[in-house]
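A.B. asks: First the structure, then my questions, so here it is.
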Amino acid sequence: VQLQAYGGGLVQAGDSLKLTCVVSGSDFSRWPMSTYSVAWFRQGQGLDREFVGGINGAGGCSWYSDDVRGRFACSRDNARNTVFLQMNSLKPEDTAVYLCAASQALVVFHHSNEYDYWGQGTEVTVSS
């Protein structure tokens with residue numbers, strides 16, 4: 001199973017970005033996209049990787065913090081094997097490499113070691 005994340009870029013504080021994570025390589029006839037929970041993690045320079053949010057197969061979202069919950073939104077298109085992270089009102093502290101990860105699970109895990117499959121990451125830079 002491969003994941004590819006894209007959509008990052010350089011933006012100003014207050015702007016929005018929409019990240020996309022495409023899942024491929026699975027036997028989707030046997031394990032449909034709806035059987036995967038997908039999470040977004042981020043890693044700032046010199047910082048530990050942290051959970052941002054994620055979405056389960058049914059479309060329910062889980063967030064790391066109330067701050068993120070109020071500014072970000074998750075969605076998915078199982079027919080296109082794709083998960084999205086809409087980020088609004090971006091702040092300089094959101095600057096990081098954002099990675100998507102997938103696990104065949106009904107719930108969204110907050111710990112990175114629960115995920116079997118990872119994408120390569122997309123860089124988000126928010127200037128003040």
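Letters for chains follow the order of the structure tokens (A, B, ...), residue numbers begin at 1 for each chain, and ligand numbers begin at 1 in the order shown.
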Using backbone DSSP assignments, extract all strand (DSSP E or B) residues from chain A; output them as a ChimeraX atom specification.
C.D. replies: /A:2-6,9-12,17-24,36-43,50-55,61-63,72-77,82-87,96-104,117-118,122-127
A.B. asks: Can you pull out the residues contacting Thr82 (chain A)? Cut-off 6 Å, using only C-alpha atoms, and skip same-chain residues under 3 positions away; I want them as a compact mmCIF listing (two decimals) with C-alpha atoms, in the first residue's frame.
C.D. replies:
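Result written to result.txt:
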# COMPACT_ATOMS: atom_id res chain seq x y z
CA CYS A 21 -3.58 11.97 0.29
CA VAL A 22 -4.07 9.29 -2.34
CA ARG A 76 -12.62 11.60 2.14
CA ASP A 77 -13.72 10.24 -1.22
A.B. asks: Would you pick out the contacts of Thr20 (chain A) at 7 Å or less, using only C-alpha atoms, so that residues sharing its chain but fewer than 2 positions from it are not included, and give the list as a ChimeraX atom specification?
C.D. replies: /A:5-7,18,22,82-85
A.B. asks: Within 8 Å of Tyr64 (chain A), counting only C-alpha atoms, which residues qualify if same-chain residues fewer than 6 places away don't, as a ChimeraX atom specification?
C.D. replies: /A:51-53,110
A.B. asks: Keeping C-alpha atoms for every residue in the selection just given, could you write it to a file as a short mmCIF file (atom, residue, chain, number, x, y, z; two decimals), in the first residue's frame?
C.D. replies:
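Final output, result-v3.cif:
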data_model
loop_
_atom_site.label_atom_id
_atom_site.label_comp_id
_atom_site.auth_asym_id
_atom_site.auth_seq_id
_atom_site.Cartn_x
_atom_site.Cartn_y
_atom_site.Cartn_z
CA PHE A 51 -0.75 13.87 15.30
CA VAL A 52 -2.90 16.53 13.64
CA GLY A 53 -6.13 14.76 12.84
CA HIS A 110 -3.29 9.22 17.63
#
A.B. asks: Using DSSP on the backbone coordinates, identify all residues within region 38-85 of chain A classified as helix (DSSP H, G or I); present the result as a list of chain:residue names.
C.D. replies: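 Matching residues for helix (DSSP H, G or I) in region 38-85 of chain A are A:Asp66, A:Asp67, A:Val68, A:Arg69, A:Gly70, A:Arg71, A:Asn78, A:Ala79, A:Arg80.
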A.B. asks: Mind giving me the straight-line distance from CA of Ser16 (chain A) to CA of His111 (chain A) in Å, one decimal?
C.D. replies: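 Pair CA of Ser16 (chain A) / CA of His111 (chain A) returns 26.0 Å.
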A.B. asks: Which polymer residues have any atom within 12 Å of an atom of Asp48 (chain A), counting only C-alpha atoms, with same-chain residues fewer than 4 positions away left out, as a ChimeraX atom specification?
C.D. replies: /A:41-44,96-97,111-112
A.B. asks: Counting only C-alpha atoms, figure out which residue out of A:Ala39, A:Leu106, A:Val1, A:Cys61 gets nearest to Leu19 (chain A).
C.D. replies: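 Ranking A:Ala39, A:Leu106, A:Val1, A:Cys61 by distance to Leu19 (chain A), first place goes to A:Ala39.
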A.B. asks: So, with only C-alpha atoms as the atoms that count, which of A:Arg80, A:Val124, A:Ser37, A:Glu114 lies closest to Thr95 (chain A)?
C.D. replies: A:Val124
A.B. asks: Which neighbours of Asn78 (chain A) fall inside 10 Å, counting only C-alpha atoms, when residues of the same chain fewer than 4 positions from it are skipped, and could you give them as a PyMOL selection string?
C.D. replies: chain A and resi 23+32-36+57-59+82-83
A.B. asks: Grab the residues selected above and save them as a PDB file, in the first residue's frame with N, CA, C and O atoms.
C.D. replies:
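The result, stored in result_8.pdb:
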ATOM      1  N   VAL A  23      -4.356   6.995  -1.728  1.00  0.00           N
ATOM      2  CA  VAL A  23      -3.955   5.647  -1.323  1.00  0.00           C
ATOM      3  C   VAL A  23      -4.020   4.731  -2.537  1.00  0.00           C
ATOM      4  O   VAL A  23      -5.016   4.732  -3.272  1.00  0.00           O
ATOM      5  N   PRO A  32     -11.676  -2.631   0.771  1.00  0.00           N
ATOM      6  CA  PRO A  32     -12.083  -1.316   0.237  1.00  0.00           C
ATOM      7  C   PRO A  32     -11.453  -0.163   1.008  1.00  0.00           C
ATOM      8  O   PRO A  32     -11.054  -0.309   2.168  1.00  0.00           O
ATOM      9  N   MET A  33     -11.426   0.974   0.364  1.00  0.00           N
ATOM     10  CA  MET A  33     -10.865   2.161   0.991  1.00  0.00           C
ATOM     11  C   MET A  33     -11.558   2.463   2.316  1.00  0.00           C
ATOM     12  O   MET A  33     -10.937   2.983   3.246  1.00  0.00           O
ATOM     13  N   SER A  34     -12.810   2.102   2.427  1.00  0.00           N
ATOM     14  CA  SER A  34     -13.566   2.377   3.651  1.00  0.00           C
ATOM     15  C   SER A  34     -13.057   1.584   4.862  1.00  0.00           C
ATOM     16  O   SER A  34     -13.431   1.867   5.998  1.00  0.00           O
ATOM     17  N   THR A  35     -12.200   0.610   4.627  1.00  0.00           N
ATOM     18  CA  THR A  35     -11.642  -0.164   5.741  1.00  0.00           C
ATOM     19  C   THR A  35     -10.388   0.490   6.322  1.00  0.00           C
ATOM     20  O   THR A  35      -9.836  -0.001   7.299  1.00  0.00           O
ATOM     21  N   TYR A  36      -9.947   1.586   5.697  1.00  0.00           N
ATOM     22  CA  TYR A  36      -8.746   2.271   6.152  1.00  0.00           C
ATOM     23  C   TYR A  36      -9.093   3.546   6.904  1.00  0.00           C
ATOM     24  O   TYR A  36      -9.881   4.364   6.424  1.00  0.00           O
ATOM     25  N   GLY A  57     -13.136   5.279   8.352  1.00  0.00           N
ATOM     26  CA  GLY A  57     -13.737   4.860   7.102  1.00  0.00           C
ATOM     27  C   GLY A  57     -15.134   5.403   6.856  1.00  0.00           C
ATOM     28  O   GLY A  57     -15.547   5.565   5.702  1.00  0.00           O
ATOM     29  N   ALA A  58     -15.818   5.685   7.938  1.00  0.00           N
ATOM     30  CA  ALA A  58     -17.181   6.206   7.827  1.00  0.00           C
ATOM     31  C   ALA A  58     -17.223   7.719   7.695  1.00  0.00           C
ATOM     32  O   ALA A  58     -18.300   8.291   7.528  1.00  0.00           O
ATOM     33  N   GLY A  59     -16.066   8.355   7.780  1.00  0.00           N
ATOM     34  CA  GLY A  59     -16.023   9.804   7.613  1.00  0.00           C
ATOM     35  C   GLY A  59     -15.974  10.606   8.893  1.00  0.00           C
ATOM     36  O   GLY A  59     -16.062  11.836   8.865  1.00  0.00           O
ATOM     37  N   THR A  82      -9.117   8.621  -1.749  1.00  0.00           N
ATOM     38  CA  THR A  82      -8.480   9.892  -1.429  1.00  0.00           C
ATOM     39  C   THR A  82      -9.019  10.474  -0.127  1.00  0.00           C
ATOM     40  O   THR A  82     -10.212  10.352   0.164  1.00  0.00           O
ATOM     41  N   VAL A  83      -8.124  11.092   0.604  1.00  0.00           N
ATOM     42  CA  VAL A  83      -8.460  11.767   1.854  1.00  0.00           C
ATOM     43  C   VAL A  83      -7.950  13.196   1.762  1.00  0.00           C
ATOM     44  O   VAL A  83      -6.893  13.446   1.177  1.00  0.00           O
TER      45      VAL A  83
END
A.B. asks: Please determine, counting only C-alpha atoms, which residue among A:Ser89, A:Ser103, A:Gln12, A:Ser29 has the shortest atom-to-atom distance to Ser128 (chain A).
C.D. replies: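 Of the candidates, the smallest distance to Ser128 (chain A) is held by A:Gln12.
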A.B. asks: Between A:Phe72, A:Tyr98, A:Trp31, A:Phe109, which has the minimum distance to Thr125 (chain A) (counting only C-alpha atoms)?
C.D. replies: A:Tyr98
